[in-house]
Amino acid sequence: MWREIPMLWFLLTLATFTKVVLCSVSYDHTSIIINGQRRILISGSIHYPRSTPEMWPDLIQKAKEGGLDVIQTYVFWNGHEPSPGKYYFEGRYDLVRFIKVVQEAGLYVHLRIGPYVCAEWNFGGFPVWLKYVPGISFRTDNEPFKVAMKGFTQKIVEMMKAEKLFQTQGGPIILSQIENEYGPEEWEIGAPGKAYTAWAADMAVSLGTGVPWIMCKQDDAPDPIINTCNGYYCDDFTPNKPYKPKMWTENWTGWFTEFGGAVPYRPAEDVAFSVARFIQKGGSFVNYYMYHGGTNFGRTAGGPFITTSYDYDAPLDEYGLIRQPKWGHLKDLHKAIKLCEPALVSGDPTVDSLGNYQEAHVFTSKTGACAAFLANYDTKATATVSFRNMHYNLPPWSISILPDCTNVVFNTAMECPITSWWMLAQVGVQASNMQMVPLSNEGLAWESYNEEIASYNDDPFTVVGLLEQLNVTRDVSDYLWYMTDVNIDSSEKFLDGGAWPILTVMSAGHALHAFVNGKLAGSMYGSLEDPKLTLTESMNLWAGSNTIALLSIAVGLPNVGKQFETWNAGVLGPVELSGLNEGRRDLTWQKWSYKVGLKGEALSLHTVSGSASVEWIQGSTVAQGEPLTWYKATFDAPSGTEPLALDMASMGKGQIWINGESIGRYWPAYTAKGNCGGCDYAGTFDENKCRSNCGEPSQRWYHVPRSWLNPTGNLLVIFEEWGGNPSGITLVKRKLASACADVSEWHPTLKNWQIKKYGKPEEPQKAKVHLACSEGQKITSIKFASFGTPQGVCGSFQQGACHSPHSYDIFQKRCVGQEWCSVVISQDVFRGDPCPGVMKRVAVEAVCS
């Protein structure tokens, strides 16, 4: 027995040591090191409040299938601490539940505690009550702010520790972030900013999470904090110390949309190019911001003027559906990068020039691993380069990945013109057409209720002069009424048929309706670029006392900018009336009465119980085209599992609720302005390069989560500010209408690389066309198919000069009636070569239903 005791002790000691090794996160120059293993990590941002808990498992699973290792999220202070010391971690704000869903999927978490988030989120994630803490100044060396910030940060860290969610406890959190993009603001503030940065870093490290902390866009991040990069491209970024890894916390997959702005999108080719360019220059952590953007439910959108949709042109769209070709192209990129991982984490690359705009980055390891990235930075021309005694063809603005320094398994460019037979015509192979399919709204019976113009009977408070809106509302409502009286003498000339007096109102934003004696006299609104506005309208006044009521409307609080917490909203003046006998009358400093919010909000008309508390107009007398009108209707949940949305194109501006849950602000009447011309993936991208929806609503459709619906009797409530036609509102399903593929016969495959690399006896695999419909759908017909030299893109393919007459038959036979199918690209399958000596490809579009 005594002989077995030392062995038992040894095994227990080994187990303890193994546990320590298996629960560690550190870093060196090459990468993050998890459990002793250097890793190239692919991450994606998914913000838990921008989707529902019922959506989380599917989103995380699709992210995993897309090749992600890490899910990155902010922590939203104003959602979790709506009032001082009162915390909320339920529903969409159940942070622990979200992290455990990620853990169950086998992925890691990067937790960006901040607690400033920016993120186009209301007030940058700060709770509005923080603004009114005595003596406070945000994000600087200010004691009241630091006390509040530390309190919330510590609350989150302790919660994570209690649930054993840090990697050192066996949990999924491998990284945390303190502050957010503070470097530019620190530069403007100077010494107080530097002191605050040092304090924030020390405070974070002192919390003992056991995992590294990062600061993004913070070149002077003190040790051991890792400074990281945000932007469309980060290949030129260098950490501030040679022993820190090169990390990219925000690779912007698109951009946000503002009301009144066109919808930005970023080509998948450029996203992939940016990632490969970063990795080839020693990058080891890349995060897509966003991987799923989601929805700014309720009044969470910031800006101001940020749309309710936060789609961001992400690989997973707002509704959680896969966006092709971006999702599939990046998935293939991730596979290629992972094949290179043994070489990538072994040290810095050597760089060889291959031409004026071409170069090779080569990674090698002591064990013999070799990986190469061949880059062509020319934005116009394809290049043929010589590398290790072989020739490679590189489309414009692209990088080819060779995990063995010999064979290409991936090229970042999806499309390039066919100029010669050897050229890779299209490397990205999947695309899809999504459609919003209207459902029958027959039987949707609308009822209306007119919001009352504020009056002195509503028990307002009165002061001399004009007050800033947020100071009055504390952001409990978008709406604030300003009321004052104007006395008109009977001797005024305009009363005898002259021109009406003109009211001029200057407001800090964001939108404004002016009423005179209960009648709408005019409206005005600003924009994200210039939220301030000036309303100038003729006023139909009468002799005696006239009541002017101004409804000032906020459209989200600012989320970025130097000391944005000090920015103003609402009517600050001057307010003047001109065209009187006396000339101009300044109304700014007379008595003004104030009322926060709407009567309908006070009555909770958006809820079942509240809506029953008033009498609604029904039938043919339902209001249409009138401002400040509430509408309600009931509907049954549609069958199926497809995501749902409301088509609000017939309405103006307002808010939407379903069963008491706020969908968010709508504003289809604010049409998109800007340049929506063509978009070439090649060349440096910015948010103004590729845009859509010009002349159309910036946002027409509004996501309705299925989990918010009951089988029957769902209450839909609309508050319309401007005037709209509710009979035009339609419930729609978002569905995959057709699946496309466009594949070269020389498309590189990982299977072929494995055969060559490991000397397997199998025959090289020919390229395949893969088509897949959404779950529950099947391929019902083939809209287009051509093996040859087809032209165009998904939705508008056309036959080229070369075309196999058997193309349709092949796909009809193998794909119709199936949820998915694949077809090998070969002359045998297509019964001959339609154009010998010409490089061919297959383009196909299959209808899904």
# chains A, B, ... in the order shown; residues from 1 in each chain; ligands from 1
>>> select_by_dssp(residues="range 429-519 of chain A", states="helix (DSSP H, G or I)", output="list in words")
Tyr456, Asn457, Asp458, Gln469, Leu470, Asn471, Val472, Thr473, Lys493, Phe494, Leu495 and Asp496 of chain A
>>> residues_around(residues="Phe461 in chain A", least_positions_apart="5", cutoff="8 Å", atoms="only C-alpha atoms", output="JSON, numbers by chain")
{"A": [593, 594, 595]}
>>> write_last_selection(atoms="N, CA, C and O atoms", output="PDB file, in the first residue's frame")
ATOM      1  N   SER A 593     -44.367  76.910 -20.461  1.00  0.00           N
ATOM      2  CA  SER A 593     -44.833  75.761 -19.674  1.00  0.00           C
ATOM      3  C   SER A 593     -44.374  74.473 -20.351  1.00  0.00           C
ATOM      4  O   SER A 593     -44.288  74.395 -21.583  1.00  0.00           O
ATOM      5  N   TYR A 594     -44.102  73.455 -19.526  1.00  0.00           N
ATOM      6  CA  TYR A 594     -43.480  72.224 -20.019  1.00  0.00           C
ATOM      7  C   TYR A 594     -44.276  71.001 -19.583  1.00  0.00           C
ATOM      8  O   TYR A 594     -44.745  70.927 -18.446  1.00  0.00           O
ATOM      9  N   LYS A 595     -44.374  70.037 -20.513  1.00  0.00           N
ATOM     10  CA  LYS A 595     -44.992  68.749 -20.206  1.00  0.00           C
ATOM     11  C   LYS A 595     -44.169  67.654 -20.858  1.00  0.00           C
ATOM     12  O   LYS A 595     -43.931  67.675 -22.071  1.00  0.00           O
TER      13      LYS A 595
END
>>> atom_distance(atom1="CA of Lys599 in chain A", atom2="CA of Gly303 in chain A")
26.4 Å
>>> residues_around(residues="range 394-400 of chain A", least_positions_apart="2", cutoff="6 Å", atoms="only C-alpha atoms", output="PyMOL selection string")
chain A and resi 273+373-383+410-413+682
>>> closest_residue(among="A:Lys241, A:Arg39, A:Lys100, A:Arg299", to="Leu344 in chain A", atoms="only C-alpha atoms")
A:Arg39
>>> closest_residue(among="A:Val25, A:Val486, A:Ala637, A:Ile548", to="Ala454 in chain A", atoms="only C-alpha atoms")
A:Ile548
>>> closest_residue(among="A:Gly544, A:Pro245, A:Pro325, A:Gly151", to="Gly347 in chain A", atoms="only C-alpha atoms")
A:Pro245
>>> closest_atom_pairs(of="range 515-604 of chain A", to="range 107-131 of chain A", cutoff="7 Å", atoms="only C-alpha atoms", output="Markdown table")
| residue | atom | partner | partner_atom | distance |
| --- | --- | --- | --- | --- |
| A:Gly556 | CA | A:Asn122 | CA | 5.8 |
| A:Leu557 | CA | A:Phe123 | CA | 5.0 |
| A:Pro558 | CA | A:Phe123 | CA | 5.2 |
| A:Asn559 | CA | A:Gly124 | CA | 3.8 |
| A:Val560 | CA | A:Cys118 | CA | 5.8 |
| A:Glu565 | CA | A:Lys131 | CA | 6.8 |
>>> write_last_selection(atoms="C-alpha atoms", output="CSV table (one decimal), in the first residue's frame")
chain,number,residue,atom,x,y,z
A,556,GLY,CA,-31.7,59.0,-29.9
A,557,LEU,CA,-29.0,60.6,-27.7
A,558,PRO,CA,-25.4,61.1,-29.0
A,559,ASN,CA,-23.0,58.2,-28.5
A,560,VAL,CA,-19.7,59.7,-29.7
A,565,GLU,CA,-22.8,64.2,-22.5
>>> residues_around(residues="Val133 in chain A", least_positions_apart="2", cutoff="12 Å", atoms="only C-alpha atoms", output="VMD selection string")
chain A and resid 83 to 84 127 to 131 135 to 138 142 to 148
>>> closest_atom_pairs(of="range 444-548 of chain A", to="range 667-678 of chain A", cutoff="12 Å", atoms="only C-alpha atoms", output="JSON lines")
{"residue": "A:Ala511", "atom": "CA", "partner": "A:Trp667", "partner_atom": "CA", "distance": 11.8}
{"residue": "A:Met524", "atom": "CA", "partner": "A:Tyr670", "partner_atom": "CA", "distance": 11.5}
{"residue": "A:Tyr525", "atom": "CA", "partner": "A:Tyr670", "partner_atom": "CA", "distance": 9.7}
{"residue": "A:Gly526", "atom": "CA", "partner": "A:Tyr670", "partner_atom": "CA", "distance": 10.6}
{"residue": "A:Ser527", "atom": "CA", "partner": "A:Tyr670", "partner_atom": "CA", "distance": 9.9}
>>> residues_around(residues="Ser620 in chain A", least_positions_apart="3", cutoff="12 Å", atoms="only C-alpha atoms", output="PyMOL selection string")
chain A and resi 445-448+617+623-624+727
>>> residues_around(residues="range 696-702 of chain A", least_positions_apart="6", cutoff="10 Å", atoms="only C-alpha atoms", output="ChimeraX atom specification")
/A:257-263,295,297,307-309,318-319,436,644-651,656,663-673,730-732,734
>>> closest_residue(among="A:Gln430, A:Ser552, A:Thr168, A:Thr473", to="Asp332 in chain A", atoms="only C-alpha atoms")
A:Gln430
>>> residues_around(residues="Arg323 in chain A", least_positions_apart="5", cutoff="8 Å", atoms="only C-alpha atoms", output="list in words")
Ala314, Pro315, Leu316, Asp317, Ala431 and Ser432 of chain A
>>> select_by_dssp(residues="range 173-246 of chain A", states="strand (DSSP E)", output="list in words")
Ile173, Ile174, Leu175, Ser176, Gln177, Ile178, Trp213, Ile214, Met215, Cys216, Ile226, Asn227, Thr228, Cys229, Asn230, Gly231 and Lys246 of chain A
>>> write_last_selection(atoms="C-alpha atoms", output="PDB file, in the first residue's frame")
ATOM      1  CA  ILE A 173     -14.041  34.534 -21.333  1.00  0.00           C
ATOM      2  CA  ILE A 174     -10.467  34.816 -22.593  1.00  0.00           C
ATOM      3  CA  LEU A 175     -10.219  38.619 -22.937  1.00  0.00           C
ATOM      4  CA  SER A 176     -11.744  41.715 -21.354  1.00  0.00           C
ATOM      5  CA  GLN A 177     -11.731  45.332 -22.457  1.00  0.00           C
ATOM      6  CA  ILE A 178     -11.630  48.495 -20.369  1.00  0.00           C
ATOM      7  CA  TRP A 213      -7.218  43.219 -20.690  1.00  0.00           C
ATOM      8  CA  ILE A 214      -7.156  45.254 -23.867  1.00  0.00           C
ATOM      9  CA  MET A 215      -7.675  48.905 -24.777  1.00  0.00           C
ATOM     10  CA  CYS A 216      -8.646  49.643 -28.377  1.00  0.00           C
ATOM     11  CA  ILE A 226      -2.739  45.183 -24.881  1.00  0.00           C
ATOM     12  CA  ASN A 227      -3.468  48.071 -27.239  1.00  0.00           C
ATOM     13  CA  THR A 228      -5.485  47.076 -30.315  1.00  0.00           C
ATOM     14  CA  CYS A 229      -6.695  48.504 -33.613  1.00  0.00           C
ATOM     15  CA  ASN A 230     -10.169  49.385 -34.974  1.00  0.00           C
ATOM     16  CA  GLY A 231     -10.937  50.269 -38.595  1.00  0.00           C
ATOM     17  CA  LYS A 246      -1.070  42.360 -33.037  1.00  0.00           C
TER      18      LYS A 246
END
>>> closest_residue(among="A:His292, A:Arg266, A:Lys86, A:His703", to="Gly44 in chain A", atoms="only C-alpha atoms")
A:His292
>>> closest_residue(among="A:Val476, A:Ala508, A:Val408, A:Ala612", to="Pro304 in chain A", atoms="only C-alpha atoms")
A:Ala508
>>> atom_distance(atom1="CA of Leu207 in chain A", atom2="CA of Tyr182 in chain A")
20.5 Å
